Amino acid sequence: MSASEGKNKKDKIYWVPLESSPQVMNKIIEHMGVGASVKFDDVYDFDEEILSMVAQPVHALVFLFPEVEGTNIEREREAQSSKDKVSPNIWHMRQTIGNACGTMAIFHALGNNQKTLPIGGNIAAFFDKVNGLSPEDKAKELEQSKEMEEAHRSGASEDQSAAPEADADVDYHYVALTIVDGDLYEIDGGLSVPINHGPATDVLRDGVRVAKRRIAAMEDKNIGFSLIALSSVAED
């Protein structure tokens, strides 16, 4: 779970790594103040029959993949090659907190859908506070936010049976995929800018296209991936 460079390990803030679990993520967004009609759920397979069963509308995807040697270098090259095509309306925050990439993906999924999701409470207050700040300055505010740290901890500590130490070395990473101004973006606090994957109309299917490409590039590695959708669902 990469974090932006600039601090030695002993000086860096760490959060407990998240399990790739919709239940964990739902606990976090509930604690943040997101409305009950918004839920994370697993995308179990990429076949159309399975995709058609995912709750709609899908606002964003959280994609978990292994940190394989060279992967982040290639993704940063992609980010740099598309940096002139990044919408000014993208909500992007750098990751300076170690092992926080799961919650960073949640921030990016929510932050880029603020106009369409029922967001209130502490997360709405945080978004208001960092509105207009650079990705680096947003990260500084997050480091100081006890409310957001508590929201992260609500999922990381309560719903994980064997949570690792906060500063554990882990070999997987989370990113968010969502559409902003007609283009699909891969948004990652570990990258200098988001990756523009081009025109898109369907977050789920266009996001799956990107996930499949990432998986194919690592197909010789016997390691896992997961894809989790952020959707609006009917309240009971």
# chains A, B, ... in the order shown; residues from 1 in each chain; ligands from 1
call {"tool": "select_by_dssp", "arguments": {"residues": "segment 10-52 of chain A", "states": "alpha helix (DSSP H)", "output": "PDB file with all heavy atoms, in the first residue's frame"}}
result
ATOM      1  N   PRO A  22     -16.636  -5.523   1.491  1.00  0.00           N
ATOM      2  CA  PRO A  22     -17.703  -4.511   1.469  1.00  0.00           C
ATOM      3  C   PRO A  22     -18.215  -4.188   2.864  1.00  0.00           C
ATOM      4  O   PRO A  22     -18.564  -3.031   3.141  1.00  0.00           O
ATOM      5  CB  PRO A  22     -18.795  -5.170   0.615  1.00  0.00           C
ATOM      6  CG  PRO A  22     -18.090  -6.169  -0.214  1.00  0.00           C
ATOM      7  CD  PRO A  22     -16.960  -6.685   0.639  1.00  0.00           C
ATOM      8  N   GLN A  23     -18.261  -5.186   3.745  1.00  0.00           N
ATOM      9  CA  GLN A  23     -18.752  -4.938   5.096  1.00  0.00           C
ATOM     10  C   GLN A  23     -17.873  -3.939   5.835  1.00  0.00           C
ATOM     11  O   GLN A  23     -18.366  -3.051   6.546  1.00  0.00           O
ATOM     12  CB  GLN A  23     -18.825  -6.266   5.877  1.00  0.00           C
ATOM     13  CG  GLN A  23     -19.898  -7.227   5.403  1.00  0.00           C
ATOM     14  CD  GLN A  23     -19.563  -7.913   4.094  1.00  0.00           C
ATOM     15  OE1 GLN A  23     -18.376  -8.104   3.766  1.00  0.00           O
ATOM     16  NE2 GLN A  23     -20.575  -8.296   3.337  1.00  0.00           N
ATOM     17  N   VAL A  24     -16.551  -4.084   5.680  1.00  0.00           N
ATOM     18  CA  VAL A  24     -15.614  -3.145   6.295  1.00  0.00           C
ATOM     19  C   VAL A  24     -15.827  -1.746   5.736  1.00  0.00           C
ATOM     20  O   VAL A  24     -15.917  -0.752   6.477  1.00  0.00           O
ATOM     21  CB  VAL A  24     -14.167  -3.614   6.063  1.00  0.00           C
ATOM     22  CG1 VAL A  24     -13.171  -2.509   6.409  1.00  0.00           C
ATOM     23  CG2 VAL A  24     -13.864  -4.868   6.869  1.00  0.00           C
ATOM     24  N   MET A  25     -15.919  -1.641   4.414  1.00  0.00           N
ATOM     25  CA  MET A  25     -16.077  -0.329   3.769  1.00  0.00           C
ATOM     26  C   MET A  25     -17.412   0.304   4.117  1.00  0.00           C
ATOM     27  O   MET A  25     -17.500   1.535   4.315  1.00  0.00           O
ATOM     28  CB  MET A  25     -15.903  -0.468   2.265  1.00  0.00           C
ATOM     29  CG  MET A  25     -14.497  -0.877   1.869  1.00  0.00           C
ATOM     30  SD  MET A  25     -14.281  -0.999   0.079  1.00  0.00           S
ATOM     31  CE  MET A  25     -12.546  -1.473   0.008  1.00  0.00           C
ATOM     32  N   ASN A  26     -18.461  -0.498   4.214  1.00  0.00           N
ATOM     33  CA  ASN A  26     -19.773   0.047   4.584  1.00  0.00           C
ATOM     34  C   ASN A  26     -19.774   0.566   6.014  1.00  0.00           C
ATOM     35  O   ASN A  26     -20.427   1.570   6.320  1.00  0.00           O
ATOM     36  CB  ASN A  26     -20.857  -1.018   4.398  1.00  0.00           C
ATOM     37  CG  ASN A  26     -21.172  -1.265   2.944  1.00  0.00           C
ATOM     38  OD1 ASN A  26     -21.030  -0.382   2.098  1.00  0.00           O
ATOM     39  ND2 ASN A  26     -21.599  -2.480   2.623  1.00  0.00           N
ATOM     40  N   LYS A  27     -19.050  -0.110   6.894  1.00  0.00           N
ATOM     41  CA  LYS A  27     -18.932   0.366   8.271  1.00  0.00           C
ATOM     42  C   LYS A  27     -18.247   1.736   8.300  1.00  0.00           C
ATOM     43  O   LYS A  27     -18.662   2.639   9.036  1.00  0.00           O
ATOM     44  CB  LYS A  27     -18.112  -0.646   9.080  1.00  0.00           C
ATOM     45  CG  LYS A  27     -17.993  -0.324  10.568  1.00  0.00           C
ATOM     46  CD  LYS A  27     -19.255  -0.681  11.286  1.00  0.00           C
ATOM     47  CE  LYS A  27     -19.100  -0.525  12.789  1.00  0.00           C
ATOM     48  NZ  LYS A  27     -20.326  -0.887  13.514  1.00  0.00           N
ATOM     49  N   ILE A  28     -17.227   1.891   7.470  1.00  0.00           N
ATOM     50  CA  ILE A  28     -16.485   3.154   7.437  1.00  0.00           C
ATOM     51  C   ILE A  28     -17.353   4.287   6.915  1.00  0.00           C
ATOM     52  O   ILE A  28     -17.408   5.370   7.510  1.00  0.00           O
ATOM     53  CB  ILE A  28     -15.210   2.994   6.588  1.00  0.00           C
ATOM     54  CG1 ILE A  28     -14.211   2.098   7.321  1.00  0.00           C
ATOM     55  CG2 ILE A  28     -14.580   4.353   6.277  1.00  0.00           C
ATOM     56  CD1 ILE A  28     -13.003   1.702   6.493  1.00  0.00           C
ATOM     57  N   ILE A  29     -18.047   4.067   5.794  1.00  0.00           N
ATOM     58  CA  ILE A  29     -18.830   5.178   5.233  1.00  0.00           C
ATOM     59  C   ILE A  29     -20.038   5.502   6.108  1.00  0.00           C
ATOM     60  O   ILE A  29     -20.473   6.662   6.168  1.00  0.00           O
ATOM     61  CB  ILE A  29     -19.236   4.936   3.770  1.00  0.00           C
ATOM     62  CG1 ILE A  29     -20.161   3.736   3.613  1.00  0.00           C
ATOM     63  CG2 ILE A  29     -17.999   4.802   2.893  1.00  0.00           C
ATOM     64  CD1 ILE A  29     -20.710   3.580   2.186  1.00  0.00           C
ATOM     65  N   GLU A  30     -20.565   4.503   6.798  1.00  0.00           N
ATOM     66  CA  GLU A  30     -21.641   4.786   7.760  1.00  0.00           C
ATOM     67  C   GLU A  30     -21.130   5.707   8.858  1.00  0.00           C
ATOM     68  O   GLU A  30     -21.794   6.674   9.240  1.00  0.00           O
ATOM     69  CB  GLU A  30     -22.160   3.475   8.359  1.00  0.00           C
ATOM     70  CG  GLU A  30     -23.223   3.675   9.427  1.00  0.00           C
ATOM     71  CD  GLU A  30     -23.608   2.374  10.119  1.00  0.00           C
ATOM     72  OE1 GLU A  30     -22.987   1.327   9.830  1.00  0.00           O
ATOM     73  OE2 GLU A  30     -24.521   2.405  10.965  1.00  0.00           O
ATOM     74  N   HIS A  31     -19.935   5.406   9.366  1.00  0.00           N
ATOM     75  CA  HIS A  31     -19.331   6.219  10.424  1.00  0.00           C
ATOM     76  C   HIS A  31     -19.003   7.620   9.910  1.00  0.00           C
ATOM     77  O   HIS A  31     -19.097   8.605  10.647  1.00  0.00           O
ATOM     78  CB  HIS A  31     -18.059   5.533  10.940  1.00  0.00           C
ATOM     79  CG  HIS A  31     -17.572   6.060  12.244  1.00  0.00           C
ATOM     80  ND1 HIS A  31     -17.815   5.443  13.453  1.00  0.00           N
ATOM     81  CD2 HIS A  31     -16.849   7.167  12.534  1.00  0.00           C
ATOM     82  CE1 HIS A  31     -17.269   6.146  14.427  1.00  0.00           C
ATOM     83  NE2 HIS A  31     -16.656   7.191  13.900  1.00  0.00           N
ATOM     84  N   MET A  32     -18.627   7.712   8.640  1.00  0.00           N
ATOM     85  CA  MET A  32     -18.306   9.020   8.056  1.00  0.00           C
ATOM     86  C   MET A  32     -19.527   9.921   7.958  1.00  0.00           C
ATOM     87  O   MET A  32     -19.415  11.143   8.050  1.00  0.00           O
ATOM     88  CB  MET A  32     -17.724   8.830   6.648  1.00  0.00           C
ATOM     89  CG  MET A  32     -16.299   8.341   6.600  1.00  0.00           C
ATOM     90  SD  MET A  32     -15.788   8.105   4.863  1.00  0.00           S
ATOM     91  CE  MET A  32     -14.012   7.897   5.048  1.00  0.00           C
ATOM     92  N   GLU A  48     -21.013 -10.965 -18.110  1.00  0.00           N
ATOM     93  CA  GLU A  48     -22.132 -10.029 -18.211  1.00  0.00           C
ATOM     94  C   GLU A  48     -23.297 -10.445 -17.325  1.00  0.00           C
ATOM     95  O   GLU A  48     -23.978  -9.600 -16.730  1.00  0.00           O
ATOM     96  CB  GLU A  48     -22.589  -9.911 -19.665  1.00  0.00           C
ATOM     97  CG  GLU A  48     -23.748  -8.951 -19.879  1.00  0.00           C
ATOM     98  CD  GLU A  48     -23.467  -7.544 -19.365  1.00  0.00           C
ATOM     99  OE1 GLU A  48     -22.311  -7.075 -19.485  1.00  0.00           O
ATOM    100  OE2 GLU A  48     -24.409  -6.901 -18.848  1.00  0.00           O
ATOM    101  N   GLU A  49     -23.544 -11.732 -17.216  1.00  0.00           N
ATOM    102  CA  GLU A  49     -24.657 -12.201 -16.380  1.00  0.00           C
ATOM    103  C   GLU A  49     -24.480 -11.771 -14.930  1.00  0.00           C
ATOM    104  O   GLU A  49     -25.440 -11.374 -14.260  1.00  0.00           O
ATOM    105  CB  GLU A  49     -24.763 -13.722 -16.466  1.00  0.00           C
ATOM    106  CG  GLU A  49     -25.919 -14.302 -15.667  1.00  0.00           C
ATOM    107  CD  GLU A  49     -26.026 -15.808 -15.785  1.00  0.00           C
ATOM    108  OE1 GLU A  49     -25.238 -16.415 -16.555  1.00  0.00           O
ATOM    109  OE2 GLU A  49     -26.898 -16.386 -15.110  1.00  0.00           O
ATOM    110  N   ILE A  50     -23.244 -11.845 -14.443  1.00  0.00           N
ATOM    111  CA  ILE A  50     -22.956 -11.432 -13.063  1.00  0.00           C
ATOM    112  C   ILE A  50     -22.987  -9.908 -12.946  1.00  0.00           C
ATOM    113  O   ILE A  50     -23.531  -9.360 -11.979  1.00  0.00           O
ATOM    114  CB  ILE A  50     -21.596 -11.981 -12.604  1.00  0.00           C
ATOM    115  CG1 ILE A  50     -21.581 -13.502 -12.698  1.00  0.00           C
ATOM    116  CG2 ILE A  50     -21.273 -11.516 -11.192  1.00  0.00           C
ATOM    117  CD1 ILE A  50     -22.624 -14.199 -11.851  1.00  0.00           C
ATOM    118  N   LEU A  51     -22.416  -9.213 -13.927  1.00  0.00           N
ATOM    119  CA  LEU A  51     -22.410  -7.747 -13.881  1.00  0.00           C
ATOM    120  C   LEU A  51     -23.831  -7.189 -13.858  1.00  0.00           C
ATOM    121  O   LEU A  51     -24.096  -6.173 -13.215  1.00  0.00           O
ATOM    122  CB  LEU A  51     -21.636  -7.179 -15.076  1.00  0.00           C
ATOM    123  CG  LEU A  51     -20.143  -7.501 -15.138  1.00  0.00           C
ATOM    124  CD1 LEU A  51     -19.524  -6.830 -16.365  1.00  0.00           C
ATOM    125  CD2 LEU A  51     -19.417  -7.057 -13.877  1.00  0.00           C
TER     126      LEU A  51
END
call {"tool": "closest_atom_pairs", "arguments": {"of": "segment 22-124 of chain A", "to": "segment 180-201 of chain A", "cutoff": "6 Å", "atoms": "only C-alpha atoms", "output": "JSON lines"}}
result
{"residue": "A:Ala79", "atom": "CA", "partner": "A:Ile195", "partner_atom": "CA", "distance": 4.5}
{"residue": "A:Ser82", "atom": "CA", "partner": "A:Asn196", "partner_atom": "CA", "distance": 5.8}
{"residue": "A:Met93", "atom": "CA", "partner": "A:Gly189", "partner_atom": "CA", "distance": 5.5}
{"residue": "A:Arg94", "atom": "CA", "partner": "A:Gly189", "partner_atom": "CA", "distance": 4.0}
{"residue": "A:Gln95", "atom": "CA", "partner": "A:Gly189", "partner_atom": "CA", "distance": 4.4}
call {"tool": "write_last_selection", "arguments": {"atoms": "N, CA and C atoms", "output": "PDB file, in the first residue's frame"}}
result
ATOM      1  N   ALA A  79      -0.053   7.891 -15.931  1.00  0.00           N
ATOM      2  CA  ALA A  79      -0.581   9.127 -15.359  1.00  0.00           C
ATOM      3  C   ALA A  79       0.053  10.348 -16.018  1.00  0.00           C
ATOM      4  N   SER A  82      -1.205  11.104 -19.569  1.00  0.00           N
ATOM      5  CA  SER A  82      -2.565  11.631 -19.712  1.00  0.00           C
ATOM      6  C   SER A  82      -2.823  12.862 -18.850  1.00  0.00           C
ATOM      7  N   MET A  93      -6.561  13.392  -3.776  1.00  0.00           N
ATOM      8  CA  MET A  93      -5.802  13.646  -2.553  1.00  0.00           C
ATOM      9  C   MET A  93      -4.600  12.711  -2.527  1.00  0.00           C
ATOM     10  N   ARG A  94      -3.430  13.255  -2.263  1.00  0.00           N
ATOM     11  CA  ARG A  94      -2.235  12.415  -2.164  1.00  0.00           C
ATOM     12  C   ARG A  94      -2.296  11.568  -0.897  1.00  0.00           C
ATOM     13  N   GLN A  95      -1.656  10.419  -0.955  1.00  0.00           N
ATOM     14  CA  GLN A  95      -1.588   9.533   0.202  1.00  0.00           C
ATOM     15  C   GLN A  95      -0.261   9.724   0.915  1.00  0.00           C
TER      16      GLN A  95
END
call {"tool": "atom_distance", "arguments": {"atom1": "atom CA of Ile13 of chain A", "atom2": "atom CA of Pro66 of chain A"}}
result
22.2 Å
call {"tool": "closest_residue", "arguments": {"among": "A:Val54, A:Ile106, A:Ile228, A:Ala60", "to": "Leu177 of chain A", "atoms": "only C-alpha atoms"}}
result
A:Ala60
call {"tool": "select_by_dssp", "arguments": {"residues": "segment 76-222 of chain A", "states": "strand (DSSP E or B)", "output": "list in words"}}
result
Gly98, Ile119, Tyr172, His173, Tyr174, Val175, Ala176, Leu177, Thr178, Ile179, Val180, Asp183, Leu184, Tyr185, Glu186, Ile187, Ile195, Asn196, His197, Gly198 and Pro199 of chain A
call {"tool": "closest_residue", "arguments": {"among": "A:Asn113, A:Phe63, A:Gly98, A:Gly33", "to": "Phe126 of chain A", "atoms": "only C-alpha atoms"}}
result
A:Gly33
call {"tool": "closest_residue", "arguments": {"among": "A:Gly111, A:Gly121, A:Pro17, A:Gly207", "to": "Glu147 of chain A", "atoms": "only C-alpha atoms"}}
result
A:Gly121
call {"tool": "residues_around", "arguments": {"residues": "Val62 of chain A", "least_positions_apart": "5", "cutoff": "6 Å", "atoms": "only C-alpha atoms", "output": "ChimeraX atom specification"}}
result
/A:175-176,227-228
call {"tool": "atom_distance", "arguments": {"atom1": "atom CA of Gln114 of chain A", "atom2": "atom CA of Met53 of chain A"}}
result
24.7 Å
call {"tool": "atom_distance", "arguments": {"atom1": "atom CA of Asn99 of chain A", "atom2": "atom CA of Asp45 of chain A"}}
result
26.6 Å
call {"tool": "residues_around", "arguments": {"residues": "Thr71 of chain A", "least_positions_apart": "4", "cutoff": "12 Å", "atoms": "only C-alpha atoms", "output": "PDB file with all heavy atoms, in the first residue's frame"}}
result
ATOM      1  N   SER A   2       1.077   1.772  -1.157  1.00  0.00           N
ATOM      2  CA  SER A   2       2.041   2.854  -1.266  1.00  0.00           C
ATOM      3  C   SER A   2       1.520   4.142  -0.668  1.00  0.00           C
ATOM      4  O   SER A   2       0.330   4.385  -0.588  1.00  0.00           O
ATOM      5  CB  SER A   2       2.399   3.091  -2.738  1.00  0.00           C
ATOM      6  OG  SER A   2       1.264   3.460  -3.475  1.00  0.00           O
ATOM      7  N   PHE A  65      -5.365  -4.726  -6.127  1.00  0.00           N
ATOM      8  CA  PHE A  65      -4.444  -5.523  -6.930  1.00  0.00           C
ATOM      9  C   PHE A  65      -3.101  -5.621  -6.208  1.00  0.00           C
ATOM     10  O   PHE A  65      -2.790  -4.802  -5.336  1.00  0.00           O
ATOM     11  CB  PHE A  65      -4.255  -4.916  -8.329  1.00  0.00           C
ATOM     12  CG  PHE A  65      -3.762  -3.498  -8.329  1.00  0.00           C
ATOM     13  CD1 PHE A  65      -2.408  -3.212  -8.352  1.00  0.00           C
ATOM     14  CD2 PHE A  65      -4.661  -2.441  -8.300  1.00  0.00           C
ATOM     15  CE1 PHE A  65      -1.950  -1.909  -8.349  1.00  0.00           C
ATOM     16  CE2 PHE A  65      -4.213  -1.128  -8.295  1.00  0.00           C
ATOM     17  CZ  PHE A  65      -2.857  -0.855  -8.322  1.00  0.00           C
ATOM     18  N   PRO A  66      -2.292  -6.619  -6.556  1.00  0.00           N
ATOM     19  CA  PRO A  66      -0.997  -6.785  -5.891  1.00  0.00           C
ATOM     20  C   PRO A  66       0.015  -5.741  -6.354  1.00  0.00           C
ATOM     21  O   PRO A  66       0.004  -5.333  -7.511  1.00  0.00           O
ATOM     22  CB  PRO A  66      -0.556  -8.188  -6.304  1.00  0.00           C
ATOM     23  CG  PRO A  66      -1.244  -8.421  -7.602  1.00  0.00           C
ATOM     24  CD  PRO A  66      -2.560  -7.714  -7.509  1.00  0.00           C
ATOM     25  N   GLU A  67       0.863  -5.314  -5.449  1.00  0.00           N
ATOM     26  CA  GLU A  67       1.953  -4.414  -5.804  1.00  0.00           C
ATOM     27  C   GLU A  67       3.128  -5.259  -6.284  1.00  0.00           C
ATOM     28  O   GLU A  67       3.929  -5.741  -5.501  1.00  0.00           O
ATOM     29  CB  GLU A  67       2.350  -3.547  -4.614  1.00  0.00           C
ATOM     30  CG  GLU A  67       1.338  -2.465  -4.301  1.00  0.00           C
ATOM     31  CD  GLU A  67       1.922  -1.339  -3.464  1.00  0.00           C
ATOM     32  OE1 GLU A  67       2.547  -1.640  -2.421  1.00  0.00           O
ATOM     33  OE2 GLU A  67       1.775  -0.182  -3.849  1.00  0.00           O
ATOM     34  N   ARG A  75       2.319   2.570 -14.004  1.00  0.00           N
ATOM     35  CA  ARG A  75       1.100   3.349 -13.781  1.00  0.00           C
ATOM     36  C   ARG A  75       1.415   4.835 -13.694  1.00  0.00           C
ATOM     37  O   ARG A  75       0.641   5.671 -14.167  1.00  0.00           O
ATOM     38  CB  ARG A  75       0.386   2.862 -12.519  1.00  0.00           C
ATOM     39  CG  ARG A  75      -0.194   1.446 -12.696  1.00  0.00           C
ATOM     40  CD  ARG A  75      -0.795   0.900 -11.413  1.00  0.00           C
ATOM     41  NE  ARG A  75      -1.890   1.738 -10.956  1.00  0.00           N
ATOM     42  CZ  ARG A  75      -1.861   2.471  -9.852  1.00  0.00           C
ATOM     43  NH1 ARG A  75      -0.792   2.483  -9.065  1.00  0.00           N
ATOM     44  NH2 ARG A  75      -2.884   3.198  -9.503  1.00  0.00           N
ATOM     45  N   GLU A  76       2.545   5.197 -13.101  1.00  0.00           N
ATOM     46  CA  GLU A  76       2.932   6.618 -13.059  1.00  0.00           C
ATOM     47  C   GLU A  76       3.223   7.132 -14.462  1.00  0.00           C
ATOM     48  O   GLU A  76       2.894   8.288 -14.790  1.00  0.00           O
ATOM     49  CB  GLU A  76       4.144   6.816 -12.153  1.00  0.00           C
ATOM     50  CG  GLU A  76       4.610   8.273 -12.023  1.00  0.00           C
ATOM     51  CD  GLU A  76       3.572   9.200 -11.400  1.00  0.00           C
ATOM     52  OE1 GLU A  76       2.842   8.777 -10.485  1.00  0.00           O
ATOM     53  OE2 GLU A  76       3.479  10.362 -11.864  1.00  0.00           O
ATOM     54  N   ARG A  77       3.809   6.294 -15.315  1.00  0.00           N
ATOM     55  CA  ARG A  77       4.022   6.701 -16.716  1.00  0.00           C
ATOM     56  C   ARG A  77       2.683   6.967 -17.398  1.00  0.00           C
ATOM     57  O   ARG A  77       2.546   7.938 -18.158  1.00  0.00           O
ATOM     58  CB  ARG A  77       4.775   5.597 -17.473  1.00  0.00           C
ATOM     59  CG  ARG A  77       6.249   5.467 -17.132  1.00  0.00           C
ATOM     60  CD  ARG A  77       6.966   4.652 -18.204  1.00  0.00           C
ATOM     61  NE  ARG A  77       8.316   4.301 -17.778  1.00  0.00           N
ATOM     62  CZ  ARG A  77       8.730   3.076 -17.493  1.00  0.00           C
ATOM     63  NH1 ARG A  77       7.892   2.055 -17.578  1.00  0.00           N
ATOM     64  NH2 ARG A  77       9.972   2.844 -17.131  1.00  0.00           N
ATOM     65  N   GLU A  78       1.712   6.095 -17.142  1.00  0.00           N
ATOM     66  CA  GLU A  78       0.379   6.311 -17.712  1.00  0.00           C
ATOM     67  C   GLU A  78      -0.213   7.623 -17.212  1.00  0.00           C
ATOM     68  O   GLU A  78      -0.835   8.367 -17.983  1.00  0.00           O
ATOM     69  CB  GLU A  78      -0.545   5.156 -17.340  1.00  0.00           C
ATOM     70  CG  GLU A  78      -0.312   3.864 -18.061  1.00  0.00           C
ATOM     71  CD  GLU A  78      -1.391   2.844 -17.739  1.00  0.00           C
ATOM     72  OE1 GLU A  78      -2.579   3.154 -17.957  1.00  0.00           O
ATOM     73  OE2 GLU A  78      -1.052   1.753 -17.266  1.00  0.00           O
ATOM     74  N   ASP A 171       1.516  -6.095   0.529  1.00  0.00           N
ATOM     75  CA  ASP A 171       1.890  -6.131  -0.887  1.00  0.00           C
ATOM     76  C   ASP A 171       0.688  -6.002  -1.816  1.00  0.00           C
ATOM     77  O   ASP A 171       0.664  -6.588  -2.894  1.00  0.00           O
ATOM     78  CB  ASP A 171       2.676  -7.405  -1.201  1.00  0.00           C
ATOM     79  CG  ASP A 171       1.904  -8.668  -0.851  1.00  0.00           C
ATOM     80  OD1 ASP A 171       0.746  -8.549  -0.388  1.00  0.00           O
ATOM     81  OD2 ASP A 171       2.452  -9.766  -1.039  1.00  0.00           O
ATOM     82  N   TYR A 172      -0.326  -5.270  -1.374  1.00  0.00           N
ATOM     83  CA  TYR A 172      -1.467  -5.012  -2.240  1.00  0.00           C
ATOM     84  C   TYR A 172      -1.857  -3.543  -2.144  1.00  0.00           C
ATOM     85  O   TYR A 172      -1.453  -2.833  -1.217  1.00  0.00           O
ATOM     86  CB  TYR A 172      -2.644  -5.921  -1.866  1.00  0.00           C
ATOM     87  CG  TYR A 172      -3.067  -5.844  -0.416  1.00  0.00           C
ATOM     88  CD1 TYR A 172      -4.001  -4.903   0.018  1.00  0.00           C
ATOM     89  CD2 TYR A 172      -2.533  -6.715   0.531  1.00  0.00           C
ATOM     90  CE1 TYR A 172      -4.375  -4.826   1.339  1.00  0.00           C
ATOM     91  CE2 TYR A 172      -2.908  -6.649   1.856  1.00  0.00           C
ATOM     92  CZ  TYR A 172      -3.848  -5.705   2.258  1.00  0.00           C
ATOM     93  OH  TYR A 172      -4.207  -5.632   3.584  1.00  0.00           O
ATOM     94  N   HIS A 173      -2.656  -3.097  -3.103  1.00  0.00           N
ATOM     95  CA  HIS A 173      -2.962  -1.670  -3.199  1.00  0.00           C
ATOM     96  C   HIS A 173      -4.379  -1.465  -3.731  1.00  0.00           C
ATOM     97  O   HIS A 173      -4.856  -2.253  -4.558  1.00  0.00           O
ATOM     98  CB  HIS A 173      -1.949  -1.003  -4.137  1.00  0.00           C
ATOM     99  CG  HIS A 173      -2.011   0.489  -4.133  1.00  0.00           C
ATOM    100  ND1 HIS A 173      -1.803   1.248  -3.002  1.00  0.00           N
ATOM    101  CD2 HIS A 173      -2.254   1.380  -5.133  1.00  0.00           C
ATOM    102  CE1 HIS A 173      -1.908   2.534  -3.304  1.00  0.00           C
ATOM    103  NE2 HIS A 173      -2.200   2.635  -4.585  1.00  0.00           N
ATOM    104  N   LEU A 191      -0.192   8.236  -6.845  1.00  0.00           N
ATOM    105  CA  LEU A 191       0.242   8.789  -8.125  1.00  0.00           C
ATOM    106  C   LEU A 191       0.149  10.309  -8.103  1.00  0.00           C
ATOM    107  O   LEU A 191      -0.694  10.880  -7.411  1.00  0.00           O
ATOM    108  CB  LEU A 191      -0.628   8.244  -9.266  1.00  0.00           C
ATOM    109  CG  LEU A 191      -0.597   6.730  -9.504  1.00  0.00           C
ATOM    110  CD1 LEU A 191      -1.518   6.362 -10.660  1.00  0.00           C
ATOM    111  CD2 LEU A 191       0.821   6.243  -9.765  1.00  0.00           C
ATOM    112  N   ARG A 214      -5.352  -4.664 -16.205  1.00  0.00           N
ATOM    113  CA  ARG A 214      -4.361  -4.724 -15.127  1.00  0.00           C
ATOM    114  C   ARG A 214      -4.093  -6.185 -14.743  1.00  0.00           C
ATOM    115  O   ARG A 214      -2.947  -6.595 -14.527  1.00  0.00           O
ATOM    116  CB  ARG A 214      -4.866  -3.955 -13.908  1.00  0.00           C
ATOM    117  CG  ARG A 214      -4.993  -2.454 -14.119  1.00  0.00           C
ATOM    118  CD  ARG A 214      -3.721  -1.743 -13.783  1.00  0.00           C
ATOM    119  NE  ARG A 214      -3.875  -0.302 -13.951  1.00  0.00           N
ATOM    120  CZ  ARG A 214      -3.240   0.414 -14.863  1.00  0.00           C
ATOM    121  NH1 ARG A 214      -2.399  -0.182 -15.707  1.00  0.00           N
ATOM    122  NH2 ARG A 214      -3.406   1.703 -14.957  1.00  0.00           N
ATOM    123  N   ILE A 215      -5.146  -6.973 -14.655  1.00  0.00           N
ATOM    124  CA  ILE A 215      -5.004  -8.372 -14.271  1.00  0.00           C
ATOM    125  C   ILE A 215      -4.213  -9.141 -15.317  1.00  0.00           C
ATOM    126  O   ILE A 215      -3.336  -9.954 -14.995  1.00  0.00           O
ATOM    127  CB  ILE A 215      -6.391  -9.004 -14.046  1.00  0.00           C
ATOM    128  CG1 ILE A 215      -7.053  -8.385 -12.808  1.00  0.00           C
ATOM    129  CG2 ILE A 215      -6.276 -10.516 -13.895  1.00  0.00           C
ATOM    130  CD1 ILE A 215      -8.510  -8.749 -12.632  1.00  0.00           C
ATOM    131  N   ALA A 217      -1.940  -8.076 -17.226  1.00  0.00           N
ATOM    132  CA  ALA A 217      -0.524  -7.709 -17.173  1.00  0.00           C
ATOM    133  C   ALA A 217       0.218  -8.455 -16.074  1.00  0.00           C
ATOM    134  O   ALA A 217       1.445  -8.499 -16.071  1.00  0.00           O
ATOM    135  CB  ALA A 217      -0.387  -6.203 -16.972  1.00  0.00           C
ATOM    136  N   MET A 218      -0.524  -9.049 -15.123  1.00  0.00           N
ATOM    137  CA  MET A 218       0.098  -9.769 -14.013  1.00  0.00           C
ATOM    138  C   MET A 218      -0.340 -11.221 -13.991  1.00  0.00           C
ATOM    139  O   MET A 218      -0.276 -11.879 -12.953  1.00  0.00           O
ATOM    140  CB  MET A 218      -0.281  -9.108 -12.683  1.00  0.00           C
ATOM    141  CG  MET A 218       0.051  -7.656 -12.572  1.00  0.00           C
ATOM    142  SD  MET A 218      -0.422  -7.016 -10.941  1.00  0.00           S
ATOM    143  CE  MET A 218      -0.720  -5.299 -11.334  1.00  0.00           C
TER     144      MET A 218
END
call {"tool": "closest_residue", "arguments": {"among": "A:Arg209, A:Lys39, A:Lys12, A:His152", "to": "Thr103 of chain A", "atoms": "only C-alpha atoms"}}
result
A:His152
call {"tool": "closest_residue", "arguments": {"among": "A:Ser20, A:Ser37, A:Ser81, A:Ser231", "to": "Pro118 of chain A", "atoms": "only C-alpha atoms"}}
result
A:Ser37
call {"tool": "closest_residue", "arguments": {"among": "A:Ile90, A:Met148, A:Trp15, A:Leu64", "to": "Ala105 of chain A", "atoms": "only C-alpha atoms"}}
result
A:Leu64
call {"tool": "residues_around", "arguments": {"residues": "Val233 of chain A", "least_positions_apart": "3", "cutoff": "9 Å", "atoms": "only C-alpha atoms", "output": "ChimeraX atom specification"}}
result
/A:36-39,55-57
